[in-house]
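Colleague: Just so it is clear, I am handing over protein_10.cif, which has mmCIF, C-alpha atoms.
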data_query
loop_
_atom_site.label_atom_id
_atom_site.label_comp_id
_atom_site.auth_asym_id
_atom_site.auth_seq_id
_atom_site.Cartn_x
_atom_site.Cartn_y
_atom_site.Cartn_z
CA MET K 1 11.62 17.50 1.28
CA THR K 2 13.02 20.55 -0.47
CA LEU K 3 15.12 20.41 -3.61
CA ALA K 4 17.86 22.97 -4.15
CA VAL K 5 16.38 26.27 -5.32
CA THR K 6 19.14 26.71 -7.91
CA ASP K 7 18.37 23.30 -9.43
CA ARG K 8 14.70 24.20 -9.77
CA ARG K 9 15.49 27.60 -11.27
CA ARG K 10 17.78 26.04 -13.87
CA PHE K 11 15.08 23.54 -14.81
CA LEU K 12 12.36 26.18 -15.03
CA ALA K 13 14.54 28.42 -17.19
CA ALA K 14 15.50 25.52 -19.47
CA THR K 15 11.88 24.36 -19.73
CA SER K 16 10.66 27.84 -20.62
CA SER K 17 13.34 28.32 -23.29
CA ALA K 18 12.87 24.89 -24.86
CA PHE K 19 9.09 25.16 -24.96
CA ALA K 20 9.22 28.68 -26.41
CA ALA K 21 11.63 27.57 -29.12
CA LEU K 22 9.38 24.66 -30.01
CA LEU K 23 6.35 26.89 -30.35
CA ALA K 24 8.23 29.60 -32.27
CA SER K 25 9.55 27.18 -34.85
CA GLY K 26 6.24 25.37 -35.24
CA ALA K 27 8.34 22.24 -35.43
CA MET K 28 6.62 18.91 -35.68
CA LEU K 29 8.11 16.08 -33.69
CA ARG K 30 10.30 13.81 -35.73
CA GLY K 31 8.53 10.70 -34.47
CA SER K 32 11.71 8.66 -34.56
CA GLY K 33 12.98 10.03 -31.27
CA ALA K 34 15.94 8.53 -29.49
CA LEU K 35 15.98 5.55 -31.83
CA ALA K 36 16.82 7.64 -34.88
CA GLY K 37 20.12 6.66 -36.43
CA GLY K 38 20.58 3.71 -34.06
CA GLY K 39 21.28 1.24 -36.84
CA ALA K 40 19.54 -1.12 -39.18
CA SER K 41 17.44 -4.18 -38.53
CA GLY K 42 19.39 -7.22 -37.38
CA LEU K 43 22.18 -5.42 -35.55
CA SER K 44 23.42 -6.88 -32.26
CA TYR K 45 26.60 -7.23 -30.22
CA GLY K 46 27.07 -10.86 -31.21
CA PRO K 47 26.51 -14.16 -29.37
CA LEU K 48 26.60 -14.40 -25.59
CA LEU K 49 29.65 -16.13 -24.10
CA PRO K 50 29.41 -18.28 -20.96
CA ASP K 51 30.42 -16.47 -17.76
CA PRO K 52 33.11 -18.46 -15.88
CA ALA K 53 31.58 -17.19 -12.62
CA GLY K 54 28.16 -18.46 -13.67
CA LEU K 55 26.28 -15.19 -13.12
CA LEU K 56 25.94 -13.11 -16.32
CA ASP K 57 26.71 -14.10 -19.91
CA LEU K 58 27.77 -11.19 -22.13
CA PRO K 59 28.97 -10.68 -25.72
CA GLN K 60 32.65 -10.72 -26.65
CA GLY K 61 34.50 -7.68 -25.26
CA PHE K 62 31.99 -6.97 -22.47
CA SER K 63 32.60 -7.49 -18.75
CA TYR K 64 30.83 -6.85 -15.47
CA ARG K 65 31.64 -6.36 -11.82
CA VAL K 66 29.42 -6.57 -8.73
CA ILE K 67 29.69 -3.22 -6.94
CA SER K 68 27.12 -3.76 -4.15
CA ARG K 69 25.35 -6.78 -2.72
CA LEU K 70 22.89 -7.88 -0.05
CA GLY K 71 24.35 -7.56 3.45
CA ASP K 72 27.21 -5.19 2.58
CA ALA K 73 27.87 -2.74 5.40
CA MET K 74 26.56 0.76 4.67
CA ASP K 75 27.93 4.03 6.00
CA ASP K 76 24.86 4.74 8.14
CA GLY K 77 25.26 1.58 10.21
CA GLY K 78 22.76 -0.52 8.27
CA THR K 79 23.36 -3.19 5.65
CA VAL K 80 22.27 -3.32 2.01
CA PRO K 81 18.63 -4.54 1.91
CA ASP K 82 17.17 -7.08 -0.48
CA HIS K 83 14.86 -6.80 -3.51
CA ALA K 84 16.80 -4.21 -5.51
CA ASP K 85 14.52 -2.91 -8.25
CA GLY K 86 14.29 0.34 -10.22
CA MET K 87 17.32 2.63 -10.19
CA GLY K 88 18.50 5.98 -11.57
CA CYS K 89 22.00 7.30 -12.27
CA PHE K 90 23.11 10.91 -11.70
CA ALA K 91 26.21 13.06 -12.11
CA LEU K 92 27.05 14.79 -8.81
CA PRO K 93 29.00 18.04 -8.32
CA GLY K 94 32.70 17.27 -8.14
CA GLY K 95 32.47 14.46 -10.67
CA GLU K 96 31.06 11.67 -8.49
CA ILE K 97 28.25 9.39 -9.69
CA ALA K 98 25.16 8.57 -7.65
CA LEU K 99 22.90 5.55 -8.05
CA VAL K 100 19.55 5.87 -6.27
CA ARG K 101 18.22 2.32 -5.89
CA ASN K 102 14.72 1.12 -4.99
CA HIS K 103 14.05 -1.78 -2.62
CA GLU K 104 10.72 -3.49 -3.21
CA LEU K 105 10.18 -4.51 0.41
CA THR K 106 6.98 -4.92 2.40
CA GLN K 107 6.15 -4.84 6.10
CA ARG K 108 7.21 -8.50 6.34
CA HIS K 109 10.79 -7.92 5.17
CA ASP K 110 14.08 -7.05 6.84
CA ALA K 111 15.13 -3.44 6.31
CA GLY K 112 18.86 -4.09 6.82
CA GLY K 113 18.77 -2.47 10.25
CA PRO K 114 16.57 0.03 12.11
CA ILE K 115 15.15 2.97 10.15
CA ALA K 116 15.49 6.23 12.07
CA ARG K 117 12.60 7.99 10.33
CA GLY K 118 10.24 7.27 7.50
CA PHE K 119 6.77 7.56 6.03
CA GLY K 120 4.69 4.77 7.51
CA THR K 121 4.86 2.18 10.25
CA HIS K 122 3.72 -1.39 10.67
CA ASN K 123 2.94 -2.39 14.24
CA GLY K 124 4.99 0.56 15.45
CA HIS K 125 8.09 0.03 13.28
CA PHE K 126 8.92 1.81 10.03
CA VAL K 127 8.14 -0.27 6.97
CA ALA K 128 11.22 -1.75 5.27
CA GLY K 129 10.75 -0.35 1.75
CA GLY K 130 12.47 2.72 0.36
CA THR K 131 15.70 3.68 -1.37
CA THR K 132 19.44 3.42 -0.86
CA THR K 133 22.02 5.64 -2.56
CA LEU K 134 25.45 4.56 -3.79
CA VAL K 135 28.08 7.22 -4.46
CA LEU K 136 30.72 5.98 -6.92
CA ASP K 137 34.18 7.03 -7.97
CA PRO K 138 33.76 7.94 -11.67
CA ALA K 139 37.14 6.49 -12.68
CA THR K 140 37.04 3.14 -10.89
CA LEU K 141 33.30 2.77 -10.17
CA ALA K 142 34.25 1.81 -6.61
CA VAL K 143 31.57 2.55 -4.03
CA LYS K 144 32.79 5.46 -1.91
CA ARG K 145 29.73 5.45 0.36
CA GLN K 146 26.23 3.96 0.45
CA PHE K 147 23.34 4.69 2.77
CA ARG K 148 19.56 4.64 3.07
CA THR K 149 17.77 7.72 1.69
CA LEU K 150 14.06 6.85 2.08
CA GLY K 151 12.31 4.63 4.60
CA GLY K 152 8.84 3.61 5.74
CA THR K 153 7.43 2.91 2.28
CA ILE K 154 6.10 -0.29 0.69
CA ARG K 155 7.20 -2.06 -2.49
CA ASN K 156 9.25 0.68 -4.11
CA CYS K 157 9.16 -0.91 -7.52
CA SER K 158 10.41 1.46 -10.18
CA GLY K 159 10.43 5.21 -10.75
CA GLY K 160 12.28 7.70 -12.90
CA VAL K 161 14.91 10.42 -12.97
CA THR K 162 13.96 14.10 -13.15
CA PRO K 163 15.76 16.83 -15.13
CA TRP K 164 16.40 18.70 -11.87
CA GLY K 165 18.41 15.88 -10.30
CA SER K 166 16.10 13.68 -8.25
CA TRP K 167 14.66 10.19 -8.33
CA LEU K 168 10.89 9.60 -8.31
CA THR K 169 10.35 6.36 -6.39
CA CYS K 170 6.94 4.70 -6.75
CA GLU K 171 5.04 2.47 -4.32
CA GLU K 172 3.43 -0.53 -5.98
CA ALA K 173 1.14 -0.93 -2.98
CA PRO K 174 -2.24 0.82 -2.75
CA THR K 175 -2.95 -0.55 0.71
CA GLY K 176 -3.45 0.78 4.21
CA PRO K 177 -5.40 0.38 7.46
CA GLY K 178 -8.46 -1.82 6.99
CA GLN K 179 -7.51 -2.72 3.41
CA LYS K 180 -6.13 -5.87 1.81
CA TYR K 181 -2.64 -6.61 3.17
CA GLY K 182 -2.99 -3.53 5.36
CA ASP K 183 -3.23 -5.06 8.84
CA GLY K 184 -0.92 -3.22 11.21
CA LEU K 185 -0.23 -0.33 8.84
CA ALA K 186 -0.66 3.16 10.22
CA ARG K 187 -1.11 5.06 6.93
CA ASN K 188 -2.36 4.62 3.39
CA HIS K 189 0.31 3.71 0.85
CA GLY K 190 0.45 3.75 -2.96
CA TRP K 191 2.23 7.07 -3.59
CA VAL K 192 5.17 8.62 -5.42
CA PHE K 193 8.03 10.13 -3.37
CA GLU K 194 11.00 12.27 -4.46
CA VAL K 195 14.61 11.62 -3.44
CA PRO K 196 17.29 14.18 -4.43
CA ALA K 197 20.39 12.58 -5.93
CA GLN K 198 22.52 14.78 -3.64
CA ALA K 199 20.83 13.52 -0.45
CA THR K 200 23.35 12.42 2.18
CA GLY K 201 20.92 10.52 4.38
CA LEU K 202 17.23 9.98 5.03
CA VAL K 203 15.02 12.58 3.33
CA ASP K 204 11.64 13.88 4.41
CA PRO K 205 9.12 11.29 3.12
CA VAL K 206 6.57 13.56 1.42
CA PRO K 207 3.91 11.67 -0.59
CA LEU K 208 3.09 13.40 -3.88
CA THR K 209 -0.61 12.72 -3.47
CA ALA K 210 -1.74 14.77 -6.48
CA MET K 211 0.05 12.22 -8.68
CA GLY K 212 -2.53 9.64 -7.67
CA ARG K 213 -2.83 6.58 -5.49
CA PHE K 214 -2.65 3.35 -7.47
CA ASN K 215 -0.38 0.37 -8.16
CA HIS K 216 2.48 2.62 -9.27
CA GLU K 217 5.35 1.21 -11.30
CA ALA K 218 7.48 3.78 -13.17
CA ALA K 219 7.63 7.48 -13.96
CA CYS K 220 9.39 9.73 -16.46
CA VAL K 221 9.53 13.49 -16.95
CA ASP K 222 9.29 15.29 -20.27
CA PRO K 223 12.14 17.82 -19.97
CA VAL K 224 10.41 20.24 -22.34
CA THR K 225 7.01 20.50 -20.60
CA GLY K 226 7.78 19.19 -17.11
CA MET K 227 4.86 16.74 -17.38
CA VAL K 228 5.29 13.41 -15.60
CA TYR K 229 4.12 10.14 -17.18
CA LEU K 230 3.20 7.19 -14.97
CA THR K 231 2.62 3.45 -15.50
CA GLU K 232 0.38 1.12 -13.50
CA ASP K 233 1.22 -2.56 -12.97
CA ARG K 234 -2.22 -4.08 -13.31
CA ASP K 235 -3.74 -6.34 -15.97
CA ASP K 236 -6.46 -3.73 -16.37
CA GLY K 237 -4.27 -0.67 -15.75
CA VAL K 238 -4.23 2.59 -17.68
CA PHE K 239 -1.55 5.13 -18.55
CA TYR K 240 -1.36 8.47 -16.73
CA ARG K 241 0.23 11.87 -17.07
CA PHE K 242 0.58 14.54 -14.40
CA ILE K 243 0.56 18.23 -15.31
CA PRO K 244 2.31 20.03 -12.45
CA ALA K 245 1.03 23.40 -11.29
CA VAL K 246 4.68 24.46 -11.09
CA PRO K 247 7.02 22.49 -13.42
CA GLY K 248 9.93 21.17 -11.40
CA ASP K 249 8.09 21.45 -8.06
CA LEU K 250 5.82 18.43 -7.95
CA ALA K 251 4.82 18.95 -4.32
CA LYS K 252 2.85 22.04 -5.42
CA GLY K 253 0.20 19.76 -6.95
CA GLY K 254 -1.33 19.65 -10.38
CA ARG K 255 -3.74 17.68 -12.57
CA LEU K 256 -3.71 13.91 -13.16
CA GLN K 257 -4.99 12.64 -16.49
CA ALA K 258 -5.46 9.29 -18.26
CA MET K 259 -4.70 8.40 -21.89
CA VAL K 260 -7.60 7.89 -24.30
CA ILE K 261 -7.17 6.36 -27.79
CA ASP K 262 -10.45 6.99 -29.59
CA GLY K 263 -11.72 3.80 -31.21
CA LEU K 264 -9.15 1.68 -29.33
CA PRO K 265 -10.24 1.11 -25.72
CA ASP K 266 -7.88 -1.86 -25.25
CA THR K 267 -4.21 -2.00 -26.34
CA ARG K 268 -3.55 -5.46 -24.88
CA ASN K 269 -4.36 -7.50 -28.05
CA TRP K 270 -5.48 -10.41 -25.89
CA GLN K 271 -8.77 -11.12 -27.63
CA SER K 272 -7.91 -9.71 -31.05
CA THR K 273 -5.08 -7.77 -32.66
CA ALA K 274 -6.98 -4.51 -32.28
CA MET K 275 -3.77 -2.48 -32.06
CA ALA K 276 -1.77 -2.90 -35.24
CA ARG K 277 2.02 -2.78 -35.09
CA ARG K 278 3.91 0.32 -36.19
CA GLN K 279 0.76 2.34 -36.80
CA PHE K 280 0.17 5.66 -35.05
CA TYR K 281 -3.07 6.35 -33.21
CA PRO K 282 -4.13 9.82 -32.04
CA VAL K 283 -4.19 10.32 -28.28
CA ARG K 284 -6.13 12.65 -26.04
CA TRP K 285 -6.19 13.00 -22.27
CA ILE K 286 -9.01 13.18 -19.74
CA ASP K 287 -8.85 14.75 -16.29
CA LEU K 288 -9.34 12.46 -13.31
CA ASP K 289 -10.94 13.36 -9.99
CA GLU K 290 -10.60 11.93 -6.48
CA VAL K 291 -7.08 10.85 -7.42
CA GLU K 292 -6.21 9.85 -3.83
CA ALA K 293 -8.58 6.90 -4.49
CA PRO K 294 -9.14 5.38 -1.03
CA LYS K 295 -10.94 2.46 -2.73
CA ASP K 296 -8.08 1.81 -5.20
CA ASP K 297 -10.50 2.35 -8.07
CA LEU K 298 -8.74 5.08 -10.04
CA ARG K 299 -8.07 2.86 -13.07
CA LEU K 300 -11.65 1.58 -13.07
CA ARG K 301 -13.11 5.08 -13.10
CA ALA K 302 -10.60 6.11 -15.78
CA ALA K 303 -11.49 3.14 -18.01
CA ALA K 304 -15.21 3.84 -17.55
CA ALA K 305 -14.52 7.36 -18.84
CA GLY K 306 -12.75 5.98 -21.94
CA ALA K 307 -9.12 5.48 -20.92
CA ALA K 308 -7.28 2.77 -22.89
CA LEU K 309 -6.39 -0.44 -21.05
CA ILE K 310 -2.70 -1.40 -20.77
CA ALA K 311 -1.48 -4.91 -19.87
CA ARG K 312 0.69 -4.38 -16.79
CA GLY K 313 2.39 -1.09 -17.58
CA GLU K 314 5.87 -1.33 -16.08
CA GLY K 315 9.08 0.08 -17.59
CA LEU K 316 8.97 3.67 -18.81
CA HIS K 317 11.73 5.85 -20.24
CA MET K 318 11.92 9.24 -21.93
CA GLY K 319 13.92 9.35 -25.14
CA THR K 320 14.58 12.52 -27.11
CA ASP K 321 11.17 13.26 -28.58
CA ASP K 322 9.23 10.23 -27.41
CA LEU K 323 8.82 7.82 -24.53
CA TYR K 324 8.64 4.05 -24.32
CA ILE K 325 6.15 2.05 -22.25
CA CYS K 326 6.69 -1.61 -21.44
CA ALA K 327 3.43 -3.59 -21.14
CA THR K 328 4.72 -6.74 -19.46
CA SER K 329 1.94 -9.20 -20.35
CA GLY K 330 0.57 -7.49 -23.44
CA GLY K 331 0.24 -9.01 -26.88
CA ALA K 332 -1.51 -11.94 -28.52
CA LYS K 333 0.98 -14.34 -26.87
CA GLN K 334 0.89 -12.30 -23.61
CA LEU K 335 4.70 -12.14 -23.66
CA GLY K 336 5.05 -8.37 -23.71
CA GLN K 337 4.64 -5.22 -25.76
CA ILE K 338 6.41 -1.87 -26.00
CA LEU K 339 4.38 1.20 -26.86
CA ARG K 340 5.95 4.42 -28.11
CA LEU K 341 4.27 7.71 -27.27
CA VAL K 342 5.04 10.99 -29.03
CA PRO K 343 3.85 13.49 -26.39
CA GLY K 344 2.30 16.38 -28.29
CA ARG K 345 4.02 19.59 -27.27
CA GLY K 346 2.54 22.95 -28.11
CA THR K 347 0.65 22.49 -31.36
CA GLY K 348 2.16 19.06 -32.11
CA PRO K 349 -0.12 16.00 -32.08
CA CYS K 350 0.03 13.44 -29.29
CA ARG K 351 0.09 9.94 -30.74
CA VAL K 352 1.01 6.39 -29.81
CA GLU K 353 2.12 3.27 -31.67
CA LEU K 354 2.69 -0.39 -30.87
CA PHE K 355 6.45 -0.32 -31.41
CA PHE K 356 7.10 -3.96 -30.52
CA GLU K 357 5.17 -7.11 -29.60
CA SER K 358 6.81 -10.41 -28.76
CA ASP K 359 5.91 -13.52 -30.73
CA SER K 360 7.92 -16.08 -28.73
CA PRO K 361 9.63 -16.48 -25.33
CA GLU K 362 12.99 -16.77 -27.08
CA GLN K 363 12.46 -13.37 -28.67
CA PHE K 364 11.30 -11.44 -25.58
CA ASN K 365 9.64 -12.69 -22.40
CA PHE K 366 7.95 -10.36 -19.91
CA GLY K 367 9.90 -7.13 -20.28
CA ASP K 368 9.91 -4.83 -17.26
CA ASN K 369 12.32 -1.93 -16.58
CA LEU K 370 13.76 -0.35 -19.71
CA THR K 371 16.14 2.41 -20.75
CA VAL K 372 17.40 4.01 -23.96
CA ALA K 373 21.07 3.34 -24.71
CA PRO K 374 23.38 6.08 -26.04
CA ASN K 375 23.31 4.39 -29.47
CA GLY K 376 19.52 4.65 -29.55
CA HIS K 377 18.67 1.00 -28.96
CA LEU K 378 16.32 0.06 -26.14
CA VAL K 379 17.66 -2.05 -23.27
CA VAL K 380 14.92 -4.03 -21.53
CA CYS K 381 15.10 -6.10 -18.32
CA GLU K 382 13.14 -9.36 -18.39
CA ASP K 383 11.04 -10.34 -15.38
CA GLN K 384 9.65 -13.83 -15.85
CA TYR K 385 9.56 -16.63 -13.31
CA THR K 386 9.42 -20.25 -14.44
CA ASP K 387 10.98 -23.50 -13.17
CA GLU K 388 14.13 -22.62 -15.11
CA VAL K 389 14.52 -18.86 -14.93
CA ASN K 390 16.59 -17.40 -17.76
CA ASN K 391 16.02 -13.68 -17.59
CA TYR K 392 17.80 -11.62 -20.22
CA LEU K 393 18.71 -8.08 -20.94
CA ARG K 394 17.21 -7.57 -24.39
CA GLY K 395 18.29 -4.97 -26.90
CA ILE K 396 15.74 -3.71 -29.41
CA THR K 397 16.84 -1.99 -32.60
CA PRO K 398 15.11 1.02 -34.22
CA ALA K 399 13.45 -1.42 -36.62
CA GLY K 400 11.90 -3.28 -33.67
CA THR K 401 14.19 -6.34 -33.74
CA ALA K 402 14.96 -7.88 -30.33
CA TYR K 403 18.31 -9.50 -29.55
CA PRO K 404 19.96 -10.91 -26.40
CA LEU K 405 22.34 -8.51 -24.67
CA ALA K 406 22.97 -10.48 -21.46
CA ARG K 407 21.70 -13.62 -19.73
CA LEU K 408 21.33 -13.87 -15.95
CA HIS K 409 22.03 -17.23 -14.30
CA ALA K 410 19.96 -16.78 -11.16
CA GLN K 411 16.43 -17.50 -10.00
CA THR K 412 15.52 -13.83 -10.04
CA GLU K 413 14.77 -10.90 -12.32
CA LEU K 414 16.88 -8.11 -13.79
CA ALA K 415 15.88 -4.56 -12.89
CA GLY K 416 16.93 -0.93 -12.78
CA ALA K 417 18.97 -0.70 -15.98
CA CYS K 418 20.48 2.78 -16.41
CA PHE K 419 23.57 4.24 -18.06
CA SER K 420 26.33 6.31 -16.50
CA PRO K 421 26.42 9.99 -17.46
CA ASP K 422 29.19 9.32 -20.00
CA GLY K 423 27.28 6.42 -21.55
CA GLN K 424 30.14 3.96 -21.00
CA THR K 425 28.68 1.86 -18.16
CA LEU K 426 25.34 0.12 -17.85
CA PHE K 427 24.23 -0.41 -14.25
CA VAL K 428 21.65 -3.09 -13.50
CA ASN K 429 20.31 -4.97 -10.48
CA ALA K 430 19.80 -8.65 -9.85
CA TYR K 431 16.66 -8.42 -7.73
CA SER K 432 17.22 -11.02 -4.99
CA PRO K 433 19.62 -11.51 -3.40
CA THR K 434 20.50 -7.87 -4.14
CA ARG K 435 23.44 -7.44 -6.48
CA THR K 436 24.14 -4.22 -8.34
CA LEU K 437 26.30 -4.77 -11.43
CA ALA K 438 28.33 -2.41 -13.61
CA ILE K 439 28.67 -3.59 -17.24
CA ASN K 440 31.33 -2.18 -19.54
CA GLY K 441 32.14 -2.91 -23.15
CA PRO K 442 32.30 -1.61 -26.71
CA TRP K 443 28.83 -0.07 -26.76
CA GLU K 444 29.61 1.66 -30.05
CA ARG K 445 30.28 -1.67 -31.77
CA LEU K 446 27.40 -3.52 -33.39
CA ALA K 447 27.79 -6.84 -35.20
#
Represent the supplied structure as structure tokens.
Modeller:
Amino acid sequence: MTLAVTDRRRFLAATSSAFAALLASGAMLRGSGALAGGGASGLSYGPLLPDPAGLLDLPQGFSYRVISRLGDAMDDGGTVPDHADGMGCFALPGGEIALVRNHELTQRHDAGGPIARGFGTHNGHFVAGGTTTLVLDPATLAVKRQFRTLGGTIRNCSGGVTPWGSWLTCEEAPTGPGQKYGDGLARNHGWVFEVPAQATGLVDPVPLTAMGRFNHEAACVDPVTGMVYLTEDRDDGVFYRFIPAVPGDLAKGGRLQAMVIDGLPDTRNWQSTAMARRQFYPVRWIDLDEVEAPKDDLRLRAAAAGAALIARGEGLHMGTDDLYICATSGGAKQLGQILRLVPGRGTGPCRVELFFESDSPEQFNFGDNLTVAPNGHLVVCEDQYTDEVNNYLRGITPAGTAYPLARLHAQTELAGACFSPDGQTLFVNAYSPTRTLAINGPWERLA
């Protein structure tokens, strides 16, 4: 797959200018990042009001609409597949909005119709996972067209947007022929793929193998350096960064590294509160080899070399000067943590803190996908499954206070939260059956 040359050139020029300015000024990172100025502790949008339709409770003044759902007819002859997960939002030329949406499907699932071409097959048919793209009218948010843009992949869980206008979609499935769950598969899976937001149909499925083969979850790109950060959804996972040989052209390869926190080999706080809250720890990075990992042992080799353990790294989002990592089962209560990384640029130090750790299910329960709202608060999708599922969208203030932003009345998770380019609409998925929602309201108002 080839991205537009002009898009890449713009990104490379912007990256060079931003990085040069940072070095010339000798500026230290502020450390408060996107959450600076977002408000004081205790702020929220007020209590949630019952939804007459019984789907999503929201605060006073907020509303939602379902813009796409499982089984809707698509413009390529297929229908909207199930298991809608991570998602990115993009401004298109001409003013339209694109949503690129993951579908966490395996070889056992329905693809919503035949897939004309894709990455891998199962018993001779392309695997059902991949992405669909929705093109929206910016004024009405009506879907103008929707179609499949990637096929033949497995368990496209989350991913991340790039500064040059594409979606990195990640396979949470390091499997293949002769491996666990790999019967009938023709190729190894467990890769990152790139889907341009301007794609009008199925793209070339090129695995970005230099970014490693593991249980991928999410990705984000530092717009200053072009480095890509990657989470791994495993109880004993680690945190990765990819240094591209050519920023903005990930297919050209690069180096994969793992995060080391000297003196703190385990951030999970399961056995003891080794990682204190709101305290910065210096970070360094180690190079990894054999990153295509046919034995799915990349994290094990990284940890043996000193990489810090992360409890199910899932959601990941780049703020202004920092990025946020959701560790779904981290913490003393194993209800979830959020780490904040300040990614040393130039001469600046790289450091990490435990920004948030949940103390009760009512406060925060198994956070997954996350994003940074225009007002600087975090918006986190919960992903917990119990007899009575009550998954929430949680807001988190700059002071680290969690509050309910929305409550889903469905036996499924919330996923893919992302804001429209103007910051007025929050898009989010109900995982299964697929429903993509657009939420509007007085985002600037805090109670």
Colleague: For the provided coordinates, the residues matched by the PyMOL selection byres ((chain K and resi 140) around 12) should be stated as a CSV table (one decimal) with C-alpha atoms, in the frame of the given file.
Modeller:
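Written file, expr-v1.csv:
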chain,number,residue,atom,x,y,z
K,65,ARG,CA,31.6,-6.4,-11.8
K,67,ILE,CA,29.7,-3.2,-6.9
K,96,GLU,CA,31.1,11.7,-8.5
K,97,ILE,CA,28.2,9.4,-9.7
K,135,VAL,CA,28.1,7.2,-4.5
K,136,LEU,CA,30.7,6.0,-6.9
K,137,ASP,CA,34.2,7.0,-8.0
K,138,PRO,CA,33.8,7.9,-11.7
K,139,ALA,CA,37.1,6.5,-12.7
K,141,LEU,CA,33.3,2.8,-10.2
K,142,ALA,CA,34.2,1.8,-6.6
K,143,VAL,CA,31.6,2.6,-4.0
K,144,LYS,CA,32.8,5.5,-1.9
K,425,THR,CA,28.7,1.9,-18.2
K,438,ALA,CA,28.3,-2.4,-13.6
K,440,ASN,CA,31.3,-2.2,-19.5
Colleague: Atom CA of K:Tyr229 to atom CA of K:Gly118: how many Å, to one decimal?
Modeller: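 Separation of atom CA of K:Tyr229 and atom CA of K:Gly118: 25.6 Å.
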Colleague: Got a sec to resolve the PyMOL selection byres ((chain K and resi 291-300) around 8) on this structure and send the residues as a PyMOL selection string?
Modeller: chain K and resi 174+209-214+236-238+256+288-290+301-304
Colleague: Could you spell out the hits of the PyMOL selection byres ((chain K and resi 176) around 6) on the shown file, as number ranges by chain?
Modeller: K: 175, 177, 179, 182, 185, 187-189
Colleague: Quote the spacing between atom CA of K:Gly130 and atom CA of K:Thr200 in Å to one decimal place.
Modeller: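 Calculated distance between atom CA of K:Gly130 and atom CA of K:Thr200 is 14.7 Å.
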Colleague: Provide the atom CA of K:Thr436 to atom CA of K:Gly86 distance in Å, to one decimal place.
Modeller: 11.0 Å
Colleague: Find the spatial neighbours of stretch 51-61 of chain K, counting all atoms listed in the file, within a cut-off of 7 Å - ignore same-chain residues fewer than 5 positions away - and output them as JSON, numbers by chain.
Modeller: {"K": [45, 46, 405, 406, 407, 408, 409, 410, 441, 442]}
Colleague: Got time to write the residues from that selection, C-alpha atoms, as an mmCIF file, in the frame of the given file?
Modeller:
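Final output, saved to selection.cif:
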data_model
loop_
_atom_site.group_PDB
_atom_site.id
_atom_site.type_symbol
_atom_site.label_atom_id
_atom_site.label_comp_id
_atom_site.auth_asym_id
_atom_site.auth_seq_id
_atom_site.Cartn_x
_atom_site.Cartn_y
_atom_site.Cartn_z
ATOM 1 C CA TYR K 45 26.600 -7.230 -30.220
ATOM 2 C CA GLY K 46 27.070 -10.860 -31.210
ATOM 3 C CA LEU K 405 22.340 -8.510 -24.670
ATOM 4 C CA ALA K 406 22.970 -10.480 -21.460
ATOM 5 C CA ARG K 407 21.700 -13.620 -19.730
ATOM 6 C CA LEU K 408 21.330 -13.870 -15.950
ATOM 7 C CA HIS K 409 22.030 -17.230 -14.300
ATOM 8 C CA ALA K 410 19.960 -16.780 -11.160
ATOM 9 C CA GLY K 441 32.140 -2.910 -23.150
ATOM 10 C CA PRO K 442 32.300 -1.610 -26.710
#
Colleague: Please identify all polymer residues within 7 Å of stretch 351-357 of chain K, counting all atoms listed in the file, omitting same-chain residues fewer than 3 positions from it, and present them as an MDAnalysis selection string.
Modeller: chainID K and resid 275:283 331 336:343 400
Colleague: Please determine, counting all atoms listed in the file, which residue among K:Leu393, K:Leu168, K:Ala307, K:Cys350 has the shortest atom-to-atom distance to K:Gly263.
Modeller: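 Closest to K:Gly263, using all atoms listed in the file: K:Ala307.
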Colleague: Of the residues K:Leu370, K:Leu134, K:Met74, K:Leu99, which is the one nearest to K:Gly165, using only C-alpha atoms?
Modeller: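 Closest to K:Gly165 of all the choices is K:Leu99.
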Colleague: Which residue, K:Thr397, K:Asn102, K:Thr79, K:Gln424, has the smallest gap to K:Ser44 when you use only C-alpha atoms?
Modeller: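 Once distances to K:Ser44 are computed over only C-alpha atoms, the minimum belongs to K:Thr397.
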Colleague: Measuring between all atoms listed in the file, which one of K:Ala373, K:Glu362, K:Gln107, K:Trp443 shows the shortest distance to K:Asn391?
Modeller: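 Nearest to K:Asn391: K:Glu362.
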Colleague: Counting all atoms listed in the file, which of K:Ile115, K:Arg312, K:Pro207, K:Tyr181 gets nearest to K:Lys252?
Modeller: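 With all atoms listed in the file as the atom set, the closest residue is K:Pro207.
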Colleague: Would you mind listing what lies within 8 Å of K:Ser166 as a VMD selection string, with all atoms listed in the file counted and same-chain residues fewer than 3 positions away left out?
Modeller: chain K and resid 161 to 163 194 to 198
